[in-house]
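The data block below is query-v5.txt; it holds compact mmCIF, C-alpha atoms.
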```
# COMPACT_ATOMS: atom_id res chain seq x y z
CA MET A 1 88.51 65.65 138.42
CA LYS A 2 88.70 65.62 134.60
CA ILE A 3 85.84 68.12 134.42
CA ILE A 4 87.62 70.49 136.82
CA CYS A 5 90.92 70.25 134.91
CA SER A 6 89.21 70.85 131.58
CA LEU A 7 87.44 73.91 132.98
CA CYS A 8 90.70 75.33 134.35
CA ILE A 9 92.46 74.88 131.02
CA SER A 10 89.63 76.63 129.18
CA LEU A 11 89.57 79.55 131.60
CA ILE A 12 93.29 80.34 131.29
CA GLY A 13 93.17 80.42 127.51
CA PHE A 14 94.76 77.12 126.56
CA ILE A 15 93.73 74.99 123.61
CA ASN A 16 90.31 73.48 123.96
CA PRO A 17 90.82 69.74 124.65
CA GLU A 18 87.55 69.06 122.84
CA ASP A 19 89.57 69.40 119.60
CA PRO A 20 91.81 66.34 120.10
CA VAL A 21 93.24 66.10 116.58
CA ILE A 22 94.43 69.69 116.21
CA TYR A 23 95.52 69.68 119.86
CA SER A 24 97.67 66.59 119.32
CA LEU A 25 99.09 67.91 116.06
CA PHE A 26 100.06 71.22 117.67
CA TYR A 27 101.65 69.55 120.70
CA HIS A 28 103.76 67.09 118.70
CA TRP A 29 104.74 69.72 116.14
CA ASN A 30 106.11 71.96 118.88
CA LYS A 31 107.80 69.05 120.61
CA MET A 32 109.60 67.98 117.44
CA SER A 33 110.63 71.56 116.64
CA LEU A 34 112.03 72.13 120.14
CA ALA A 35 114.12 68.96 119.81
CA LEU A 36 116.12 70.75 117.08
CA ALA A 37 118.00 72.57 119.84
CA LYS A 38 119.72 69.29 120.71
CA GLU A 39 120.89 68.69 117.14
CA ILE A 40 123.96 70.90 116.85
CA PRO A 41 125.34 70.60 113.29
CA SER A 42 128.67 68.82 113.08
CA GLY A 43 131.71 70.58 111.68
CA LYS A 44 130.94 73.92 113.33
CA ASN A 45 133.26 75.70 115.72
CA ALA A 46 132.18 76.94 119.16
CA GLU A 47 131.24 80.40 117.88
CA GLU A 48 129.14 79.00 115.03
CA LYS A 49 127.39 76.58 117.39
CA MET A 50 126.55 79.44 119.76
CA LEU A 51 125.17 81.52 116.89
CA TYR A 52 123.11 78.54 115.71
CA GLN A 53 121.60 78.15 119.17
CA GLU A 54 120.91 81.87 119.54
CA ARG A 55 119.09 82.07 116.21
CA LEU A 56 117.08 78.96 116.95
CA GLN A 57 116.10 80.25 120.39
CA SER A 58 115.00 83.54 118.81
CA PHE A 59 112.79 81.53 116.47
CA TYR A 60 111.25 79.74 119.45
CA ARG A 61 110.60 83.00 121.30
CA LEU A 62 108.84 84.67 118.37
CA TRP A 63 106.64 81.61 117.90
CA ASN A 64 105.97 81.46 121.65
CA MET A 65 107.23 77.88 121.59
CA VAL A 66 107.77 76.54 125.12
CA PRO A 67 108.15 72.88 126.18
CA ASP A 68 104.75 71.33 127.00
CA SER A 69 103.03 74.68 126.45
CA LEU A 70 99.59 74.49 124.87
CA GLN A 71 98.70 78.16 124.77
CA ASN A 72 96.55 79.16 121.84
CA THR A 73 98.12 82.61 121.55
CA SER A 74 101.08 81.47 119.45
CA LEU A 75 101.52 82.28 115.77
CA ARG A 76 101.72 78.58 114.98
CA TRP A 77 98.40 77.81 116.65
CA GLY A 78 96.83 80.72 114.78
CA PHE A 79 98.20 79.32 111.54
CA LEU A 80 96.74 75.88 112.27
CA GLU A 81 93.38 77.48 112.95
CA ARG A 82 93.61 79.41 109.69
CA ILE A 83 94.44 76.47 107.43
CA SER A 84 92.06 74.06 109.16
CA THR A 85 89.12 76.06 107.81
CA GLU A 86 90.04 75.20 104.21
CA PHE A 87 92.44 72.27 104.28
CA ASN A 88 91.74 68.71 105.43
CA TRP A 89 95.03 67.01 106.31
CA LYS A 90 93.47 63.60 106.95
CA ASP A 91 95.27 60.84 105.00
CA LYS A 92 97.47 63.41 103.25
CA LYS A 93 101.19 64.06 103.06
CA TRP A 94 101.77 67.76 103.53
CA SER A 95 104.42 70.19 104.71
CA VAL A 96 104.75 73.64 106.23
CA ILE A 97 107.64 76.02 105.59
CA GLU A 98 107.88 78.72 108.27
CA MET A 99 110.17 81.70 107.69
CA ILE A 100 110.96 84.64 109.95
CA ARG A 101 112.40 87.62 108.10
CA GLY A 102 114.63 89.88 110.19
CA GLY A 103 115.31 93.58 109.82
CA GLU A 104 113.79 96.73 111.26
CA ILE A 105 110.36 95.11 110.99
CA THR A 106 110.12 91.37 111.58
CA GLY A 107 108.09 89.54 108.97
CA VAL A 108 106.63 86.04 109.09
CA ASP A 109 105.82 83.97 106.01
CA ASN A 110 104.39 80.45 105.93
CA TYR A 111 103.92 78.08 103.01
CA LEU A 112 101.47 75.19 103.07
CA VAL A 113 102.48 72.45 100.62
CA PHE A 114 100.24 69.51 99.70
CA TYR A 115 99.71 67.34 96.66
CA HIS A 116 97.30 66.80 93.79
CA GLY A 117 98.70 63.82 91.93
CA ARG A 118 102.26 64.63 90.92
CA MET A 119 101.87 68.35 91.42
CA ALA A 120 102.52 70.15 94.67
CA HIS A 121 99.96 72.78 95.53
CA ILE A 122 101.47 75.69 97.47
CA ILE A 123 99.63 78.39 99.39
CA ALA A 124 101.66 81.32 100.73
CA TYR A 125 100.51 83.10 103.88
CA ARG A 126 101.83 86.19 105.66
CA TYR A 127 101.18 87.26 109.22
CA GLN A 128 100.06 90.88 109.18
CA THR A 129 97.77 93.06 111.27
CA ASP A 130 97.47 90.26 113.85
CA LYS A 131 96.17 87.61 111.48
CA TRP A 132 97.29 85.15 108.82
CA VAL A 133 96.52 86.40 105.32
CA LYS A 134 96.61 84.25 102.19
CA MET A 135 98.92 85.95 99.69
CA ARG A 136 98.96 83.67 96.65
CA GLU A 137 98.86 80.05 95.53
CA TRP A 138 100.41 78.06 92.72
CA GLN A 139 101.49 74.58 91.63
CA GLN A 140 104.97 73.15 91.18
CA ARG A 141 106.54 69.77 90.52
CA ILE A 142 108.20 69.03 93.85
CA LYS A 143 108.89 65.67 95.46
CA THR A 144 107.76 65.27 99.06
CA SER A 145 111.15 63.93 100.08
CA SER A 146 112.99 67.01 98.77
CA LEU A 147 111.28 69.50 101.08
CA VAL A 148 113.11 68.61 104.29
CA ILE A 149 116.64 68.19 102.99
CA LYS A 150 119.96 69.39 104.34
CA SER A 151 122.99 70.45 102.33
CA ALA A 152 125.45 67.56 102.27
CA THR A 153 128.39 69.90 102.80
CA GLY A 154 126.80 72.21 105.35
CA ILE A 155 128.21 75.15 103.38
CA ALA A 156 126.02 78.19 102.76
CA LYS A 157 124.62 78.11 99.23
CA GLN A 158 123.14 81.61 99.26
CA GLY A 159 119.58 80.38 99.19
CA CYS A 160 116.53 82.56 98.62
CA ASN A 161 115.44 82.49 102.27
CA ASN A 162 116.01 85.98 103.64
CA GLY A 163 115.16 84.70 107.10
CA ASP A 164 115.45 81.66 109.35
CA VAL A 165 113.33 78.68 108.29
CA ILE A 166 111.81 75.59 109.86
CA VAL A 167 110.41 72.98 107.47
CA THR A 168 108.13 70.24 108.80
CA GLY A 169 106.77 67.24 106.93
CA PHE A 170 103.49 65.64 108.04
CA LYS A 171 101.34 62.64 107.32
CA SER A 172 97.76 63.31 108.37
CA ALA A 173 97.99 64.91 111.83
CA LEU A 174 101.43 63.54 112.65
CA PRO A 175 104.68 65.48 112.11
CA LEU A 176 107.30 63.10 110.69
CA GLN A 177 110.43 65.17 110.15
CA VAL A 178 111.67 68.68 110.76
CA ALA A 179 114.69 70.73 109.72
CA TYR A 180 116.02 74.17 110.64
CA PHE A 181 117.90 76.47 108.25
CA ALA A 182 119.55 79.76 109.11
CA GLU A 183 119.18 82.77 106.82
CA TYR A 184 120.20 82.04 103.19
CA MET A 185 121.01 78.41 104.05
CA VAL A 186 118.07 76.61 102.40
CA PRO A 187 119.60 74.83 99.38
CA ARG A 188 118.12 76.27 96.19
CA GLU A 189 117.81 72.79 94.68
CA SER A 190 115.70 71.51 97.58
CA GLY A 191 111.92 71.53 97.48
CA ALA A 192 111.75 74.19 100.19
CA GLY A 193 114.31 76.30 98.34
CA ARG A 194 112.34 76.12 95.11
CA VAL A 195 109.13 77.15 96.89
CA ILE A 196 110.77 80.13 98.60
CA CYS A 197 112.61 81.24 95.44
CA ARG A 198 109.38 81.04 93.43
CA SER A 199 107.63 83.30 95.93
CA ARG A 200 110.28 86.04 95.96
```

Exercise: express the given structure as structure tokens:
Amino acid sequence: MKIICSLCISLIGFINPEDPVIYSLFYHWNKMSLALAKEIPSGKNAEEKMLYQERLQSFYRLWNMVPDSLQNTSLRWGFLERISTEFNWKDKKWSVIEMIRGGEITGVDNYLVFYHGRMAHIIAYRYQTDKWVKMREWQQRIKTSSLVIKSATGIAKQGCNNGDVIVTGFKSALPLQVAYFAEYMVPRESGAGRVICRSR
């Protein structure tokens, strides 16, 4: 029965279950991100809450993020494939900043953040011509804990993010925390804000 199920999954284009680590990482990353829809920020009125949900759902649609879906056609799966060829996340603390830029032409930027001693190593990627392209890389002094941080007041601080952002922190192949920020809402003083501002 297991052989038949595995064959069916392979034929319809889902993730190959022979890659258990990346498969598990992808599944739990999506699951944690989708749970953001249940975390409506406090202090917002009905109109703001509706806008929050609409923007978050748009993010999910672009990333082809569906509950319990394991399709390998999503941008996120493609990104995992791209970085797995040159980055070993085993026993490491690392983060991914995903940003969707709106406008006439939708743009998608990702930042991989990991550490060499006290320095954070950042690699910026952009999705273009149907593939993830490495744009640049640099080092900054950024604390791991400052990457996934919310503004204490919830008030827009006119951040550098000209698009909606999801920031996820990992340890090895396990996502530990995730945060969503609407356009221009990533605090400049946060680790994610400093990375995005540096790349502008």

With all atoms listed in the file as the counted atoms, please give the residues lying no more than 9 Å from segment 44-56 of chain A, apart from itself and same-chain residues fewer than 4 positions off, as a PyMOL selection string. chain A and resi 36-37+40+60-61+164+180+182

So which residues touch Leu112 of chain A within 6 Å, counting all atoms listed in the file, skipping near sequence neighbours fewer than 2 positions away, as number ranges by chain? A: 96, 122-123

Kindly save the residues from that selection, with C-alpha atoms included, as an mmCIF file, keeping the file's coordinate frame.
```
data_model
loop_
_atom_site.group_PDB
_atom_site.id
_atom_site.type_symbol
_atom_site.label_atom_id
_atom_site.label_comp_id
_atom_site.auth_asym_id
_atom_site.auth_seq_id
_atom_site.Cartn_x
_atom_site.Cartn_y
_atom_site.Cartn_z
ATOM 1 C CA VAL A 96 104.750 73.640 106.230
ATOM 2 C CA ILE A 122 101.470 75.690 97.470
ATOM 3 C CA ILE A 123 99.630 78.390 99.390
#
```

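Here atom CA of Arg141 of chain A is placed at a distance of 6.7 Å from atom CA of Arg118 of chain A.
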
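The spacing separating atom CA of Val195 of chain A from atom CA of Thr168 of chain A amounts to 13.8 Å.
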
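Closest to Asn162 of chain A among A:Leu147, A:Leu176, A:Met135, A:Ile196 is A:Ile196, based on only C-alpha atoms.
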
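Here atom CA of Val108 of chain A is placed at a distance of 18.2 Å from atom CA of Val178 of chain A.
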
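Shortest separation to Val167 of chain A among A:Ser24, A:Ser33, A:Thr129, A:Ser199 occurs at residue A:Ser33, atoms counted being only C-alpha atoms.
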
Expected answer as a ChimeraX atom specification: all residues with atoms within 6 Å of (105.3, 78.5, 104.4), only C-alpha atoms: /A:96-98,109-112,124

Output of the above residues as a short mmCIF file (atom, residue, chain, number, x, y, z; two decimals), keeping the file's coordinate frame, restricted to C-alpha atoms:
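Output file again_30.cif is given in full below:
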```cif
data_model
loop_
_atom_site.label_atom_id
_atom_site.label_comp_id
_atom_site.auth_asym_id
_atom_site.auth_seq_id
_atom_site.Cartn_x
_atom_site.Cartn_y
_atom_site.Cartn_z
CA VAL A 96 104.75 73.64 106.23
CA ILE A 97 107.64 76.02 105.59
CA GLU A 98 107.88 78.72 108.27
CA ASP A 109 105.82 83.97 106.01
CA ASN A 110 104.39 80.45 105.93
CA TYR A 111 103.92 78.08 103.01
CA LEU A 112 101.47 75.19 103.07
CA ALA A 124 101.66 81.32 100.73
#
```

Please, could N, CA, C and O atoms be added to segment 132-150 of chain A and the result written as a PDB file, in the coordinates of the input?
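Result file follows (part13.pdb):
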```
ATOM      1  N   TRP A 132      96.667  85.790 109.969  1.00  0.00           N
ATOM      2  CA  TRP A 132      97.290  85.150 108.820  1.00  0.00           C
ATOM      3  C   TRP A 132      96.485  85.459 107.564  1.00  0.00           C
ATOM      4  O   TRP A 132      95.286  85.208 107.511  1.00  0.00           O
ATOM      5  N   VAL A 133      97.179  85.992 106.565  1.00  0.00           N
ATOM      6  CA  VAL A 133      96.520  86.400 105.320  1.00  0.00           C
ATOM      7  C   VAL A 133      97.073  85.561 104.169  1.00  0.00           C
ATOM      8  O   VAL A 133      98.291  85.415 104.017  1.00  0.00           O
ATOM      9  N   LYS A 134      96.178  85.007 103.369  1.00  0.00           N
ATOM     10  CA  LYS A 134      96.610  84.250 102.190  1.00  0.00           C
ATOM     11  C   LYS A 134      97.095  85.236 101.129  1.00  0.00           C
ATOM     12  O   LYS A 134      96.379  86.159 100.740  1.00  0.00           O
ATOM     13  N   MET A 135      98.332  85.034 100.650  1.00  0.00           N
ATOM     14  CA  MET A 135      98.920  85.950  99.690  1.00  0.00           C
ATOM     15  C   MET A 135      98.763  85.481  98.248  1.00  0.00           C
ATOM     16  O   MET A 135      98.396  86.243  97.370  1.00  0.00           O
ATOM     17  N   ARG A 136      99.066  84.211  98.013  1.00  0.00           N
ATOM     18  CA  ARG A 136      98.960  83.670  96.650  1.00  0.00           C
ATOM     19  C   ARG A 136      99.043  82.154  96.720  1.00  0.00           C
ATOM     20  O   ARG A 136      99.409  81.584  97.749  1.00  0.00           O
ATOM     21  N   GLU A 137      98.706  81.496  95.614  1.00  0.00           N
ATOM     22  CA  GLU A 137      98.860  80.050  95.530  1.00  0.00           C
ATOM     23  C   GLU A 137      99.230  79.650  94.116  1.00  0.00           C
ATOM     24  O   GLU A 137      98.908  80.340  93.154  1.00  0.00           O
ATOM     25  N   TRP A 138      99.949  78.530  94.019  1.00  0.00           N
ATOM     26  CA  TRP A 138     100.410  78.060  92.720  1.00  0.00           C
ATOM     27  C   TRP A 138     100.737  76.575  92.812  1.00  0.00           C
ATOM     28  O   TRP A 138     100.666  75.982  93.888  1.00  0.00           O
ATOM     29  N   GLN A 139     101.107  75.988  91.671  1.00  0.00           N
ATOM     30  CA  GLN A 139     101.490  74.580  91.630  1.00  0.00           C
ATOM     31  C   GLN A 139     102.902  74.433  91.087  1.00  0.00           C
ATOM     32  O   GLN A 139     103.325  75.199  90.215  1.00  0.00           O
ATOM     33  N   GLN A 140     103.625  73.461  91.626  1.00  0.00           N
ATOM     34  CA  GLN A 140     104.970  73.150  91.180  1.00  0.00           C
ATOM     35  C   GLN A 140     105.187  71.649  91.229  1.00  0.00           C
ATOM     36  O   GLN A 140     104.529  70.952  92.004  1.00  0.00           O
ATOM     37  N   ARG A 141     106.141  71.171  90.427  1.00  0.00           N
ATOM     38  CA  ARG A 141     106.540  69.770  90.520  1.00  0.00           C
ATOM     39  C   ARG A 141     107.636  69.652  91.579  1.00  0.00           C
ATOM     40  O   ARG A 141     108.778  70.035  91.341  1.00  0.00           O
ATOM     41  N   ILE A 142     107.265  69.171  92.734  1.00  0.00           N
ATOM     42  CA  ILE A 142     108.200  69.030  93.850  1.00  0.00           C
ATOM     43  C   ILE A 142     107.952  67.685  94.520  1.00  0.00           C
ATOM     44  O   ILE A 142     106.809  67.334  94.815  1.00  0.00           O
ATOM     45  N   LYS A 143     109.017  66.944  94.760  1.00  0.00           N
ATOM     46  CA  LYS A 143     108.890  65.670  95.460  1.00  0.00           C
ATOM     47  C   LYS A 143     108.768  65.927  96.963  1.00  0.00           C
ATOM     48  O   LYS A 143     109.433  66.802  97.508  1.00  0.00           O
ATOM     49  N   THR A 144     107.937  65.137  97.611  1.00  0.00           N
ATOM     50  CA  THR A 144     107.760  65.270  99.060  1.00  0.00           C
ATOM     51  C   THR A 144     109.082  65.152  99.791  1.00  0.00           C
ATOM     52  O   THR A 144     109.376  65.914 100.711  1.00  0.00           O
ATOM     53  N   SER A 145     109.899  64.205  99.369  1.00  0.00           N
ATOM     54  CA  SER A 145     111.150  63.930 100.080  1.00  0.00           C
ATOM     55  C   SER A 145     112.171  65.054  99.956  1.00  0.00           C
ATOM     56  O   SER A 145     113.126  65.119 100.720  1.00  0.00           O
ATOM     57  N   SER A 146     111.987  65.955  98.984  1.00  0.00           N
ATOM     58  CA  SER A 146     112.990  67.010  98.770  1.00  0.00           C
ATOM     59  C   SER A 146     112.730  68.255  99.607  1.00  0.00           C
ATOM     60  O   SER A 146     113.543  69.176  99.617  1.00  0.00           O
ATOM     61  N   LEU A 147     111.610  68.302 100.319  1.00  0.00           N
ATOM     62  CA  LEU A 147     111.280  69.500 101.080  1.00  0.00           C
ATOM     63  C   LEU A 147     112.158  69.647 102.322  1.00  0.00           C
ATOM     64  O   LEU A 147     112.681  70.714 102.610  1.00  0.00           O
ATOM     65  N   VAL A 148     112.300  68.568 103.068  1.00  0.00           N
ATOM     66  CA  VAL A 148     113.110  68.610 104.290  1.00  0.00           C
ATOM     67  C   VAL A 148     114.442  67.956 103.973  1.00  0.00           C
ATOM     68  O   VAL A 148     114.658  66.780 104.215  1.00  0.00           O
ATOM     69  N   ILE A 149     115.354  68.731 103.409  1.00  0.00           N
ATOM     70  CA  ILE A 149     116.640  68.190 102.990  1.00  0.00           C
ATOM     71  C   ILE A 149     117.748  69.147 103.406  1.00  0.00           C
ATOM     72  O   ILE A 149     117.616  70.363 103.288  1.00  0.00           O
ATOM     73  N   LYS A 150     118.824  68.594 103.919  1.00  0.00           N
ATOM     74  CA  LYS A 150     119.960  69.390 104.340  1.00  0.00           C
ATOM     75  C   LYS A 150     121.050  69.356 103.279  1.00  0.00           C
ATOM     76  O   LYS A 150     121.189  68.380 102.545  1.00  0.00           O
TER      77      LYS A 150
END
```
